[in-house]
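What follows is the content of structure.txt, which has compact mmCIF, N, CA and C atoms:
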```txt
# COMPACT_ATOMS: atom_id res chain seq x y z
N MET Q 1 11.22 2.33 7.53
CA MET Q 1 10.36 1.92 6.44
C MET Q 1 10.88 2.48 5.13
N ALA Q 2 10.62 1.75 4.09
CA ALA Q 2 11.08 2.15 2.76
C ALA Q 2 10.34 3.39 2.29
N LYS Q 3 11.06 4.25 1.57
CA LYS Q 3 10.46 5.46 1.02
C LYS Q 3 10.23 5.30 -0.47
N SER Q 4 10.31 4.10 -0.98
CA SER Q 4 10.14 3.85 -2.41
C SER Q 4 8.82 3.12 -2.63
N ASN Q 5 8.67 2.59 -3.82
CA ASN Q 5 7.48 1.80 -4.12
C ASN Q 5 7.71 0.32 -3.84
N TYR Q 6 8.60 0.01 -2.91
CA TYR Q 6 8.82 -1.37 -2.50
C TYR Q 6 8.43 -1.52 -1.04
N CYS Q 7 7.87 -2.68 -0.73
CA CYS Q 7 7.46 -3.00 0.64
C CYS Q 7 8.14 -4.31 1.03
N LEU Q 8 9.05 -4.23 1.99
CA LEU Q 8 9.74 -5.43 2.47
C LEU Q 8 8.86 -6.15 3.48
N ILE Q 9 8.59 -7.43 3.22
CA ILE Q 9 7.72 -8.21 4.09
C ILE Q 9 8.45 -9.47 4.56
N ASP Q 10 8.00 -10.00 5.68
CA ASP Q 10 8.55 -11.24 6.22
C ASP Q 10 7.79 -12.41 5.59
N PRO Q 11 8.47 -13.23 4.78
CA PRO Q 11 7.76 -14.34 4.13
C PRO Q 11 7.18 -15.35 5.13
N ASP Q 12 7.73 -15.39 6.33
CA ASP Q 12 7.24 -16.31 7.36
C ASP Q 12 6.26 -15.65 8.33
N GLY Q 13 5.93 -14.37 8.09
CA GLY Q 13 5.04 -13.63 8.98
C GLY Q 13 3.58 -13.82 8.63
N GLY Q 14 2.76 -13.05 9.31
CA GLY Q 14 1.32 -13.12 9.11
C GLY Q 14 0.86 -12.37 7.88
N PHE Q 15 -0.45 -12.41 7.65
CA PHE Q 15 -1.05 -11.73 6.50
C PHE Q 15 -0.87 -10.22 6.61
N LEU Q 16 -0.89 -9.55 5.47
CA LEU Q 16 -0.70 -8.10 5.40
C LEU Q 16 -2.03 -7.38 5.55
N LYS Q 17 -2.03 -6.32 6.38
CA LYS Q 17 -3.22 -5.50 6.56
C LYS Q 17 -2.94 -4.13 5.95
N VAL Q 18 -3.89 -3.66 5.14
CA VAL Q 18 -3.78 -2.35 4.50
C VAL Q 18 -4.81 -1.43 5.14
N THR Q 19 -4.35 -0.27 5.62
CA THR Q 19 -5.23 0.71 6.25
C THR Q 19 -5.14 2.02 5.47
N VAL Q 20 -6.30 2.57 5.14
CA VAL Q 20 -6.38 3.87 4.47
C VAL Q 20 -7.01 4.85 5.44
N THR Q 21 -6.34 5.99 5.64
CA THR Q 21 -6.89 7.03 6.51
C THR Q 21 -6.93 8.35 5.75
N ALA Q 22 -7.91 9.16 6.11
CA ALA Q 22 -8.05 10.51 5.55
C ALA Q 22 -8.49 11.43 6.68
N ASN Q 23 -7.90 12.63 6.76
CA ASN Q 23 -8.27 13.55 7.84
C ASN Q 23 -9.07 14.73 7.30
N ASN Q 24 -9.44 15.63 8.18
CA ASN Q 24 -10.12 16.89 7.83
C ASN Q 24 -11.43 16.70 7.07
N GLY Q 25 -12.17 15.67 7.37
CA GLY Q 25 -13.45 15.47 6.72
C GLY Q 25 -13.36 15.04 5.26
N ILE Q 26 -12.21 14.51 4.88
CA ILE Q 26 -12.04 14.02 3.51
C ILE Q 26 -12.70 12.66 3.41
N ARG Q 27 -13.44 12.47 2.36
CA ARG Q 27 -14.05 11.17 2.06
C ARG Q 27 -13.30 10.57 0.88
N THR Q 28 -12.97 9.30 1.00
CA THR Q 28 -12.28 8.63 -0.10
C THR Q 28 -13.00 7.34 -0.46
N GLY Q 29 -12.91 7.00 -1.70
CA GLY Q 29 -13.36 5.71 -2.20
C GLY Q 29 -12.24 5.19 -3.09
N ALA Q 30 -11.85 3.96 -2.90
CA ALA Q 30 -10.70 3.44 -3.64
C ALA Q 30 -10.91 1.98 -4.02
N VAL Q 31 -10.24 1.61 -5.08
CA VAL Q 31 -10.16 0.22 -5.50
C VAL Q 31 -8.69 -0.17 -5.43
N PHE Q 32 -8.40 -1.26 -4.74
CA PHE Q 32 -7.06 -1.82 -4.65
C PHE Q 32 -7.06 -3.16 -5.38
N VAL Q 33 -6.03 -3.41 -6.17
CA VAL Q 33 -5.90 -4.68 -6.88
C VAL Q 33 -4.51 -5.24 -6.63
N LEU Q 34 -4.45 -6.49 -6.23
CA LEU Q 34 -3.18 -7.20 -6.10
C LEU Q 34 -2.91 -7.90 -7.43
N TRP Q 35 -1.79 -7.55 -8.04
CA TRP Q 35 -1.42 -8.08 -9.35
C TRP Q 35 -0.22 -9.02 -9.22
N GLU Q 36 -0.19 -10.04 -10.09
CA GLU Q 36 0.98 -10.91 -10.17
C GLU Q 36 1.35 -11.11 -11.64
N ILE Q 37 2.62 -11.41 -11.86
CA ILE Q 37 3.07 -11.68 -13.22
C ILE Q 37 2.62 -13.10 -13.59
N GLN Q 38 1.89 -13.21 -14.69
CA GLN Q 38 1.43 -14.51 -15.19
C GLN Q 38 1.80 -14.59 -16.67
N GLN Q 39 2.72 -15.45 -17.00
CA GLN Q 39 3.15 -15.66 -18.38
C GLN Q 39 3.53 -14.34 -19.06
N GLY Q 40 4.33 -13.53 -18.37
CA GLY Q 40 4.83 -12.29 -18.93
C GLY Q 40 3.87 -11.13 -18.92
N GLN Q 41 2.70 -11.28 -18.29
CA GLN Q 41 1.75 -10.18 -18.20
C GLN Q 41 1.18 -10.10 -16.79
N TRP Q 42 0.73 -8.91 -16.42
CA TRP Q 42 0.13 -8.73 -15.11
C TRP Q 42 -1.29 -9.31 -15.10
N GLY Q 43 -1.58 -10.11 -14.08
CA GLY Q 43 -2.91 -10.69 -13.91
C GLY Q 43 -3.46 -10.36 -12.53
N LYS Q 44 -4.76 -10.12 -12.44
CA LYS Q 44 -5.39 -9.80 -11.15
C LYS Q 44 -5.40 -11.03 -10.25
N LYS Q 45 -5.01 -10.81 -9.00
CA LYS Q 45 -5.01 -11.87 -8.00
C LYS Q 45 -6.13 -11.66 -6.98
N GLU Q 46 -6.30 -10.42 -6.51
CA GLU Q 46 -7.34 -10.06 -5.56
C GLU Q 46 -7.74 -8.61 -5.80
N LYS Q 47 -8.99 -8.28 -5.44
CA LYS Q 47 -9.49 -6.91 -5.59
C LYS Q 47 -10.23 -6.51 -4.32
N PHE Q 48 -10.01 -5.27 -3.87
CA PHE Q 48 -10.62 -4.76 -2.64
C PHE Q 48 -11.20 -3.38 -2.89
N GLN Q 49 -12.32 -3.08 -2.25
CA GLN Q 49 -12.89 -1.73 -2.29
C GLN Q 49 -12.81 -1.12 -0.90
N VAL Q 50 -12.43 0.14 -0.84
CA VAL Q 50 -12.21 0.83 0.42
C VAL Q 50 -12.97 2.15 0.39
N SER Q 51 -13.59 2.52 1.53
CA SER Q 51 -14.27 3.80 1.66
C SER Q 51 -14.03 4.32 3.07
N THR Q 52 -13.41 5.49 3.19
CA THR Q 52 -13.10 5.99 4.53
C THR Q 52 -14.32 6.59 5.23
N GLY Q 53 -15.28 7.12 4.48
CA GLY Q 53 -16.53 7.62 5.07
C GLY Q 53 -16.34 8.59 6.21
N ASP Q 54 -17.31 8.64 7.13
CA ASP Q 54 -17.29 9.58 8.25
C ASP Q 54 -16.19 9.27 9.27
N LYS Q 55 -15.81 8.02 9.38
CA LYS Q 55 -14.78 7.65 10.35
C LYS Q 55 -13.37 8.05 9.91
N GLY Q 56 -13.18 8.23 8.61
CA GLY Q 56 -11.86 8.61 8.11
C GLY Q 56 -10.89 7.46 8.01
N VAL Q 57 -11.38 6.21 8.10
CA VAL Q 57 -10.48 5.06 8.03
C VAL Q 57 -11.22 3.84 7.49
N ASP Q 58 -10.51 3.02 6.76
CA ASP Q 58 -11.01 1.72 6.32
C ASP Q 58 -9.80 0.82 6.12
N GLU Q 59 -10.02 -0.48 6.19
CA GLU Q 59 -8.90 -1.42 6.08
C GLU Q 59 -9.36 -2.74 5.50
N PHE Q 60 -8.36 -3.50 5.03
CA PHE Q 60 -8.63 -4.85 4.54
C PHE Q 60 -7.36 -5.68 4.73
N VAL Q 61 -7.52 -6.99 4.67
CA VAL Q 61 -6.41 -7.92 4.80
C VAL Q 61 -6.21 -8.60 3.45
N ILE Q 62 -4.97 -8.62 2.98
CA ILE Q 62 -4.64 -9.34 1.75
C ILE Q 62 -4.66 -10.83 2.09
N ASN Q 63 -5.49 -11.58 1.40
CA ASN Q 63 -5.71 -12.99 1.73
C ASN Q 63 -4.75 -13.95 1.06
N VAL Q 64 -3.58 -13.47 0.69
CA VAL Q 64 -2.56 -14.30 0.08
C VAL Q 64 -1.41 -14.42 1.07
N ARG Q 65 -0.92 -15.64 1.26
CA ARG Q 65 0.20 -15.84 2.20
C ARG Q 65 1.41 -15.03 1.75
N PRO Q 66 2.14 -14.44 2.69
CA PRO Q 66 3.32 -13.66 2.33
C PRO Q 66 4.36 -14.45 1.53
N THR Q 67 4.41 -15.76 1.71
CA THR Q 67 5.36 -16.56 0.91
C THR Q 67 5.00 -16.54 -0.57
N ASP Q 68 3.74 -16.25 -0.90
CA ASP Q 68 3.27 -16.28 -2.29
C ASP Q 68 3.06 -14.89 -2.88
N ILE Q 69 3.63 -13.86 -2.27
CA ILE Q 69 3.32 -12.50 -2.70
C ILE Q 69 4.55 -11.74 -3.22
N GLU Q 70 5.73 -12.34 -3.15
CA GLU Q 70 6.93 -11.63 -3.62
C GLU Q 70 6.79 -11.27 -5.09
N ASN Q 71 7.18 -10.05 -5.41
CA ASN Q 71 7.11 -9.46 -6.76
C ASN Q 71 5.68 -9.19 -7.22
N ASN Q 72 4.70 -9.40 -6.35
CA ASN Q 72 3.33 -8.97 -6.66
C ASN Q 72 3.26 -7.46 -6.43
N SER Q 73 2.32 -6.81 -7.09
CA SER Q 73 2.16 -5.37 -6.94
C SER Q 73 0.74 -5.08 -6.47
N LEU Q 74 0.63 -4.24 -5.45
CA LEU Q 74 -0.66 -3.75 -4.98
C LEU Q 74 -0.83 -2.35 -5.56
N ALA Q 75 -1.81 -2.19 -6.44
CA ALA Q 75 -2.08 -0.90 -7.08
C ALA Q 75 -3.42 -0.37 -6.60
N TRP Q 76 -3.54 0.96 -6.57
CA TRP Q 76 -4.81 1.55 -6.14
C TRP Q 76 -5.15 2.76 -6.99
N PHE Q 77 -6.46 2.97 -7.09
CA PHE Q 77 -7.03 4.14 -7.74
C PHE Q 77 -8.02 4.73 -6.76
N MET Q 78 -7.86 6.01 -6.46
CA MET Q 78 -8.64 6.62 -5.39
C MET Q 78 -9.34 7.89 -5.86
N ASN Q 79 -10.55 8.10 -5.36
CA ASN Q 79 -11.29 9.35 -5.51
C ASN Q 79 -11.41 9.97 -4.13
N ALA Q 80 -11.24 11.30 -4.04
CA ALA Q 80 -11.32 11.98 -2.75
C ALA Q 80 -12.00 13.33 -2.92
N CYS Q 81 -12.77 13.70 -1.88
CA CYS Q 81 -13.38 15.03 -1.86
C CYS Q 81 -13.57 15.43 -0.40
N SER Q 82 -13.71 16.73 -0.18
CA SER Q 82 -13.88 17.26 1.16
C SER Q 82 -15.36 17.42 1.47
N SER Q 83 -15.79 16.85 2.59
CA SER Q 83 -17.19 16.96 3.00
C SER Q 83 -17.45 18.17 3.89
N ILE Q 84 -16.41 18.89 4.26
CA ILE Q 84 -16.54 20.09 5.10
C ILE Q 84 -16.24 21.30 4.22
N HIS Q 85 -17.19 22.23 4.15
CA HIS Q 85 -17.11 23.35 3.22
C HIS Q 85 -15.83 24.18 3.38
N ALA Q 86 -15.38 24.43 4.61
CA ALA Q 86 -14.22 25.29 4.85
C ALA Q 86 -12.88 24.58 4.66
N ILE Q 87 -12.89 23.31 4.41
CA ILE Q 87 -11.64 22.54 4.29
C ILE Q 87 -11.36 22.24 2.83
N ASP Q 88 -10.15 22.57 2.38
CA ASP Q 88 -9.77 22.26 1.01
C ASP Q 88 -8.44 21.52 0.92
N ARG Q 89 -7.88 21.12 2.06
CA ARG Q 89 -6.62 20.39 2.08
C ARG Q 89 -6.68 19.33 3.16
N GLY Q 90 -6.06 18.20 2.87
CA GLY Q 90 -6.01 17.14 3.87
C GLY Q 90 -4.95 16.12 3.52
N GLU Q 91 -4.79 15.16 4.42
CA GLU Q 91 -3.78 14.13 4.23
C GLU Q 91 -4.44 12.77 4.10
N ILE Q 92 -3.98 12.03 3.13
CA ILE Q 92 -4.44 10.66 2.90
C ILE Q 92 -3.24 9.76 3.07
N THR Q 93 -3.41 8.69 3.85
CA THR Q 93 -2.30 7.79 4.15
C THR Q 93 -2.69 6.35 3.85
N ILE Q 94 -1.77 5.63 3.25
CA ILE Q 94 -1.91 4.19 3.05
C ILE Q 94 -0.80 3.53 3.85
N ASN Q 95 -1.19 2.65 4.76
CA ASN Q 95 -0.24 2.00 5.65
C ASN Q 95 -0.42 0.48 5.54
N ILE Q 96 0.70 -0.22 5.36
CA ILE Q 96 0.66 -1.68 5.29
C ILE Q 96 1.42 -2.22 6.49
N THR Q 97 0.75 -3.08 7.28
CA THR Q 97 1.36 -3.68 8.46
C THR Q 97 1.33 -5.20 8.34
N GLN Q 98 2.26 -5.81 9.06
CA GLN Q 98 2.33 -7.27 9.15
C GLN Q 98 2.68 -7.61 10.59
N ASP Q 99 1.84 -8.37 11.24
CA ASP Q 99 2.05 -8.72 12.64
C ASP Q 99 2.27 -7.47 13.49
N ASN Q 100 1.47 -6.42 13.25
CA ASN Q 100 1.53 -5.14 13.96
C ASN Q 100 2.84 -4.38 13.76
N VAL Q 101 3.60 -4.72 12.74
CA VAL Q 101 4.83 -4.01 12.39
C VAL Q 101 4.57 -3.24 11.11
N ASN Q 102 4.90 -1.93 11.10
CA ASN Q 102 4.74 -1.13 9.90
C ASN Q 102 5.72 -1.59 8.84
N ARG Q 103 5.21 -1.90 7.65
CA ARG Q 103 6.05 -2.35 6.54
C ARG Q 103 6.13 -1.33 5.42
N PHE Q 104 5.10 -0.50 5.27
CA PHE Q 104 5.07 0.50 4.20
C PHE Q 104 4.08 1.59 4.59
N LYS Q 105 4.46 2.83 4.29
CA LYS Q 105 3.56 3.94 4.55
C LYS Q 105 3.75 4.99 3.45
N LYS Q 106 2.64 5.42 2.90
CA LYS Q 106 2.67 6.47 1.89
C LYS Q 106 1.62 7.50 2.28
N SER Q 107 2.07 8.73 2.56
CA SER Q 107 1.17 9.82 2.92
C SER Q 107 1.27 10.91 1.88
N SER Q 108 0.16 11.58 1.68
CA SER Q 108 0.12 12.65 0.70
C SER Q 108 -0.81 13.75 1.20
N SER Q 109 -0.28 14.96 1.28
CA SER Q 109 -1.09 16.13 1.62
C SER Q 109 -1.50 16.76 0.30
N ARG Q 110 -2.81 16.92 0.12
CA ARG Q 110 -3.32 17.34 -1.18
C ARG Q 110 -4.41 18.40 -1.03
N LEU Q 111 -4.54 19.22 -2.09
CA LEU Q 111 -5.71 20.07 -2.23
C LEU Q 111 -6.86 19.18 -2.66
N ILE Q 112 -7.98 19.30 -1.98
CA ILE Q 112 -9.11 18.41 -2.20
C ILE Q 112 -10.33 19.23 -2.62
N PRO Q 113 -10.99 18.89 -3.72
CA PRO Q 113 -12.21 19.61 -4.10
C PRO Q 113 -13.36 19.28 -3.16
N LYS Q 114 -14.38 20.12 -3.18
CA LYS Q 114 -15.55 19.94 -2.32
C LYS Q 114 -16.48 18.87 -2.88
N CYS Q 115 -16.96 18.01 -2.01
CA CYS Q 115 -17.91 16.97 -2.44
C CYS Q 115 -19.20 17.59 -2.98
N ASN Q 116 -19.66 18.68 -2.33
CA ASN Q 116 -20.94 19.27 -2.76
C ASN Q 116 -20.81 20.01 -4.10
N ASP Q 117 -19.60 20.19 -4.62
CA ASP Q 117 -19.40 20.74 -5.96
C ASP Q 117 -19.40 19.65 -7.02
N ALA Q 118 -19.66 18.42 -6.59
CA ALA Q 118 -19.67 17.24 -7.48
C ALA Q 118 -18.33 17.06 -8.18
N LYS Q 119 -17.25 17.37 -7.46
CA LYS Q 119 -15.90 17.19 -8.00
C LYS Q 119 -15.13 16.25 -7.08
N GLN Q 120 -14.18 15.52 -7.67
CA GLN Q 120 -13.34 14.62 -6.89
C GLN Q 120 -11.92 14.69 -7.42
N LEU Q 121 -10.98 14.50 -6.51
CA LEU Q 121 -9.58 14.34 -6.89
C LEU Q 121 -9.39 12.87 -7.21
N GLN Q 122 -8.76 12.56 -8.31
CA GLN Q 122 -8.49 11.18 -8.69
C GLN Q 122 -6.99 10.98 -8.78
N PHE Q 123 -6.50 9.90 -8.17
CA PHE Q 123 -5.07 9.60 -8.23
C PHE Q 123 -4.85 8.12 -7.93
N GLY Q 124 -3.67 7.65 -8.22
CA GLY Q 124 -3.34 6.25 -7.97
C GLY Q 124 -1.85 6.05 -7.83
N SER Q 125 -1.49 4.88 -7.38
CA SER Q 125 -0.09 4.50 -7.24
C SER Q 125 -0.02 2.98 -7.03
N HIS Q 126 1.15 2.49 -6.68
CA HIS Q 126 1.32 1.05 -6.44
C HIS Q 126 2.52 0.81 -5.54
N VAL Q 127 2.61 -0.40 -5.03
CA VAL Q 127 3.76 -0.85 -4.24
C VAL Q 127 4.04 -2.30 -4.64
N ILE Q 128 5.32 -2.65 -4.68
CA ILE Q 128 5.74 -4.01 -5.03
C ILE Q 128 6.29 -4.68 -3.77
N PHE Q 129 5.83 -5.89 -3.51
CA PHE Q 129 6.26 -6.62 -2.31
C PHE Q 129 7.53 -7.41 -2.59
N LYS Q 130 8.47 -7.31 -1.64
CA LYS Q 130 9.73 -8.06 -1.70
C LYS Q 130 9.95 -8.74 -0.36
N HIS Q 131 10.51 -9.93 -0.39
CA HIS Q 131 10.79 -10.66 0.84
C HIS Q 131 12.07 -10.15 1.50
N MET Q 132 12.02 -10.02 2.81
CA MET Q 132 13.21 -9.71 3.59
C MET Q 132 14.02 -11.00 3.72
N ILE Q 133 15.31 -10.86 3.94
CA ILE Q 133 16.14 -12.03 4.24
C ILE Q 133 15.80 -12.46 5.65
N SER Q 134 15.33 -13.69 5.80
CA SER Q 134 14.86 -14.12 7.11
C SER Q 134 15.94 -14.82 7.93
N GLU Q 135 17.02 -15.27 7.29
CA GLU Q 135 18.09 -15.92 8.04
C GLU Q 135 18.89 -14.87 8.80
N ASN Q 136 19.33 -15.21 9.98
CA ASN Q 136 20.10 -14.29 10.80
C ASN Q 136 21.59 -14.54 10.54
N ILE Q 137 22.03 -14.16 9.35
CA ILE Q 137 23.42 -14.39 8.94
C ILE Q 137 24.07 -13.03 8.72
N SER Q 138 25.23 -12.82 9.34
CA SER Q 138 25.93 -11.55 9.24
C SER Q 138 26.43 -11.33 7.81
N THR Q 139 26.32 -10.10 7.35
CA THR Q 139 26.85 -9.73 6.03
C THR Q 139 28.00 -8.76 6.15
N SER Q 140 28.46 -8.49 7.37
CA SER Q 140 29.47 -7.45 7.59
C SER Q 140 30.83 -7.75 6.96
N ASP Q 141 31.16 -9.03 6.72
CA ASP Q 141 32.47 -9.37 6.14
C ASP Q 141 32.41 -9.78 4.68
N LEU Q 142 31.30 -9.60 4.02
CA LEU Q 142 31.18 -10.02 2.63
C LEU Q 142 32.16 -9.28 1.73
N TRP Q 143 32.46 -8.06 2.04
CA TRP Q 143 33.37 -7.26 1.21
C TRP Q 143 34.77 -7.84 1.18
N LYS Q 144 35.15 -8.66 2.19
CA LYS Q 144 36.49 -9.23 2.25
C LYS Q 144 36.70 -10.34 1.23
N ASP Q 145 35.63 -10.92 0.72
CA ASP Q 145 35.74 -12.06 -0.19
C ASP Q 145 35.05 -11.75 -1.52
N THR Q 146 35.48 -10.67 -2.16
CA THR Q 146 34.83 -10.27 -3.41
C THR Q 146 35.58 -10.74 -4.65
N GLU Q 147 36.67 -11.46 -4.47
CA GLU Q 147 37.41 -11.97 -5.64
C GLU Q 147 37.02 -13.38 -5.98
```

Rewrite the structure from the file as structure tokens, please.
Amino acid sequence: MAKSNYCLIDPDGGFLKVTVTANNGIRTGAVFVLWEIQQGQWGKKEKFQVSTGDKGVDEFVINVRPTDIENNSLAWFMNACSSIHAIDRGEITINITQDNVNRFKKSSSRLIPKCNDAKQLQFGSHVIFKHMISENISTSDLWKDTE
């Protein structure tokens, strides 16, 4: 899987599923927005709200066909706090799958403020979708014909 802010997807595959998980009694609330370039500016395509709650997990499916999502960006803004008094650190993970294949994963271990202190950690990021080459054509000899 890519370690950058790019997510390689199969344009001929199924819809993308986004899963947010938080451990150690961390509660998160997040807004995800799928953006596309429209006339030289970013425009909202879809918006999702996510809350991990007591289960520590929430998910949604992007309702745009993978053929129509290349160069779109999925951005998120998240609030997190610890619901367990003795816990001040935890891991939050965002995982994107397609047809049960992991396409992107971003995990972050963070210091988390206590929910009962009325404090929250706020952070955000994004990922840009790119199509994988779907043809099964060898590229091993391309270097031989570079002139």

Counting only C-alpha atoms, which residues in stretch 38-125 of chain Q sit no more than 9 Å from stretch 6-18 of chain Q? For each one, give the nearest pair of atoms and the distance in Å, sorted by chain then residue number, as CSV.
```
residue,atom,partner,partner_atom,distance
Q:Asp58,CA,Q:Val18,CA,8.5
Q:Glu59,CA,Q:Val18,CA,5.4
Q:Phe60,CA,Q:Val18,CA,5.5
Q:Val61,CA,Q:Lys17,CA,4.4
Q:Ile62,CA,Q:Leu16,CA,5.5
Q:Asn63,CA,Q:Phe15,CA,6.8
Q:Val64,CA,Q:Phe15,CA,7.1
Q:Arg65,CA,Q:Phe15,CA,6.1
Q:Pro66,CA,Q:Pro11,CA,4.8
Q:Thr67,CA,Q:Pro11,CA,4.6
Q:Asp68,CA,Q:Pro11,CA,8.1
Q:Ile69,CA,Q:Pro11,CA,8.4
Q:Glu70,CA,Q:Pro11,CA,8.3
Q:Ser73,CA,Q:Tyr6,CA,8.9
Q:Ile94,CA,Q:Val18,CA,7.0
Q:Asn95,CA,Q:Val18,CA,5.7
Q:Ile96,CA,Q:Val18,CA,4.6
Q:Thr97,CA,Q:Lys17,CA,5.3
Q:Gln98,CA,Q:Leu16,CA,4.9
Q:Asp99,CA,Q:Gly14,CA,5.7
Q:Asn100,CA,Q:Lys17,CA,8.8
Q:Arg103,CA,Q:Cys7,CA,6.1
Q:Phe104,CA,Q:Cys7,CA,5.5
Q:Lys105,CA,Q:Cys7,CA,8.9
```

Serialized selection, N, CA and C atoms, as a PDB file, in the coordinates of the input:
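To be explicit, this is the file written out as result.pdb:
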```pdb
ATOM      1  N   ASP Q  58     -10.510   3.020   6.760  1.00  0.00           N
ATOM      2  CA  ASP Q  58     -11.010   1.720   6.320  1.00  0.00           C
ATOM      3  C   ASP Q  58      -9.800   0.820   6.120  1.00  0.00           C
ATOM      4  N   GLU Q  59     -10.020  -0.480   6.190  1.00  0.00           N
ATOM      5  CA  GLU Q  59      -8.900  -1.420   6.080  1.00  0.00           C
ATOM      6  C   GLU Q  59      -9.360  -2.740   5.500  1.00  0.00           C
ATOM      7  N   PHE Q  60      -8.360  -3.500   5.030  1.00  0.00           N
ATOM      8  CA  PHE Q  60      -8.630  -4.850   4.540  1.00  0.00           C
ATOM      9  C   PHE Q  60      -7.360  -5.680   4.730  1.00  0.00           C
ATOM     10  N   VAL Q  61      -7.520  -6.990   4.670  1.00  0.00           N
ATOM     11  CA  VAL Q  61      -6.410  -7.920   4.800  1.00  0.00           C
ATOM     12  C   VAL Q  61      -6.210  -8.600   3.450  1.00  0.00           C
ATOM     13  N   ILE Q  62      -4.970  -8.620   2.980  1.00  0.00           N
ATOM     14  CA  ILE Q  62      -4.640  -9.340   1.750  1.00  0.00           C
ATOM     15  C   ILE Q  62      -4.660 -10.830   2.090  1.00  0.00           C
ATOM     16  N   ASN Q  63      -5.490 -11.580   1.400  1.00  0.00           N
ATOM     17  CA  ASN Q  63      -5.710 -12.990   1.730  1.00  0.00           C
ATOM     18  C   ASN Q  63      -4.750 -13.950   1.060  1.00  0.00           C
ATOM     19  N   VAL Q  64      -3.580 -13.470   0.690  1.00  0.00           N
ATOM     20  CA  VAL Q  64      -2.560 -14.300   0.080  1.00  0.00           C
ATOM     21  C   VAL Q  64      -1.410 -14.420   1.070  1.00  0.00           C
ATOM     22  N   ARG Q  65      -0.920 -15.640   1.260  1.00  0.00           N
ATOM     23  CA  ARG Q  65       0.200 -15.840   2.200  1.00  0.00           C
ATOM     24  C   ARG Q  65       1.410 -15.030   1.750  1.00  0.00           C
ATOM     25  N   PRO Q  66       2.140 -14.440   2.690  1.00  0.00           N
ATOM     26  CA  PRO Q  66       3.320 -13.660   2.330  1.00  0.00           C
ATOM     27  C   PRO Q  66       4.360 -14.450   1.530  1.00  0.00           C
ATOM     28  N   THR Q  67       4.410 -15.760   1.710  1.00  0.00           N
ATOM     29  CA  THR Q  67       5.360 -16.560   0.910  1.00  0.00           C
ATOM     30  C   THR Q  67       5.000 -16.540  -0.570  1.00  0.00           C
ATOM     31  N   ASP Q  68       3.740 -16.250  -0.900  1.00  0.00           N
ATOM     32  CA  ASP Q  68       3.270 -16.280  -2.290  1.00  0.00           C
ATOM     33  C   ASP Q  68       3.060 -14.890  -2.880  1.00  0.00           C
ATOM     34  N   ILE Q  69       3.630 -13.860  -2.270  1.00  0.00           N
ATOM     35  CA  ILE Q  69       3.320 -12.500  -2.700  1.00  0.00           C
ATOM     36  C   ILE Q  69       4.550 -11.740  -3.220  1.00  0.00           C
ATOM     37  N   GLU Q  70       5.730 -12.340  -3.150  1.00  0.00           N
ATOM     38  CA  GLU Q  70       6.930 -11.630  -3.620  1.00  0.00           C
ATOM     39  C   GLU Q  70       6.790 -11.270  -5.090  1.00  0.00           C
ATOM     40  N   SER Q  73       2.320  -6.810  -7.090  1.00  0.00           N
ATOM     41  CA  SER Q  73       2.160  -5.370  -6.940  1.00  0.00           C
ATOM     42  C   SER Q  73       0.740  -5.080  -6.470  1.00  0.00           C
ATOM     43  N   ILE Q  94      -1.770   5.630   3.250  1.00  0.00           N
ATOM     44  CA  ILE Q  94      -1.910   4.190   3.050  1.00  0.00           C
ATOM     45  C   ILE Q  94      -0.800   3.530   3.850  1.00  0.00           C
ATOM     46  N   ASN Q  95      -1.190   2.650   4.760  1.00  0.00           N
ATOM     47  CA  ASN Q  95      -0.240   2.000   5.650  1.00  0.00           C
ATOM     48  C   ASN Q  95      -0.420   0.480   5.540  1.00  0.00           C
ATOM     49  N   ILE Q  96       0.700  -0.220   5.360  1.00  0.00           N
ATOM     50  CA  ILE Q  96       0.660  -1.680   5.290  1.00  0.00           C
ATOM     51  C   ILE Q  96       1.420  -2.220   6.490  1.00  0.00           C
ATOM     52  N   THR Q  97       0.750  -3.080   7.280  1.00  0.00           N
ATOM     53  CA  THR Q  97       1.360  -3.680   8.460  1.00  0.00           C
ATOM     54  C   THR Q  97       1.330  -5.200   8.340  1.00  0.00           C
ATOM     55  N   GLN Q  98       2.260  -5.810   9.060  1.00  0.00           N
ATOM     56  CA  GLN Q  98       2.330  -7.270   9.150  1.00  0.00           C
ATOM     57  C   GLN Q  98       2.680  -7.610  10.590  1.00  0.00           C
ATOM     58  N   ASP Q  99       1.840  -8.370  11.240  1.00  0.00           N
ATOM     59  CA  ASP Q  99       2.050  -8.720  12.640  1.00  0.00           C
ATOM     60  C   ASP Q  99       2.270  -7.470  13.490  1.00  0.00           C
ATOM     61  N   ASN Q 100       1.470  -6.420  13.250  1.00  0.00           N
ATOM     62  CA  ASN Q 100       1.530  -5.140  13.960  1.00  0.00           C
ATOM     63  C   ASN Q 100       2.840  -4.380  13.760  1.00  0.00           C
ATOM     64  N   ARG Q 103       5.210  -1.900   7.650  1.00  0.00           N
ATOM     65  CA  ARG Q 103       6.050  -2.350   6.540  1.00  0.00           C
ATOM     66  C   ARG Q 103       6.130  -1.330   5.420  1.00  0.00           C
ATOM     67  N   PHE Q 104       5.100  -0.500   5.270  1.00  0.00           N
ATOM     68  CA  PHE Q 104       5.070   0.500   4.200  1.00  0.00           C
ATOM     69  C   PHE Q 104       4.080   1.590   4.590  1.00  0.00           C
ATOM     70  N   LYS Q 105       4.460   2.830   4.290  1.00  0.00           N
ATOM     71  CA  LYS Q 105       3.560   3.940   4.550  1.00  0.00           C
ATOM     72  C   LYS Q 105       3.750   4.990   3.450  1.00  0.00           C
TER      73      LYS Q 105
END
```

TODO: Rank nothing, just name the residue among Q:Asp141, Q:Asp54, Q:Asp88, Q:Glu46 nearest to Q:Thr28, using only N, CA and C atoms.
DONE: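 Closest residue, counting only N, CA and C atoms: Q:Asp54.
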
TODO: Give the strand (DSSP E or B) residues of stretch 36-121 of chain Q, as DSSP finds them on the backbone, and put them as a VMD selection string.
DONE: chain Q and resid 36 to 38 41 to 51 57 to 61 73 to 82 89 to 98 101 to 111 114 121

Please write out, as AutoDock Vina command-line options, where the centre of an axis-aligned box around all listed atoms of stretch 84-91 of chain Q lies and how long its edges are, in Å to one decimal, after adding 3 Å on each side.
```
--center_x -10.5 --center_y 19.0 --center_z 3.0 --size_x 19.4 --size_y 18.5 --size_z 10.2
```
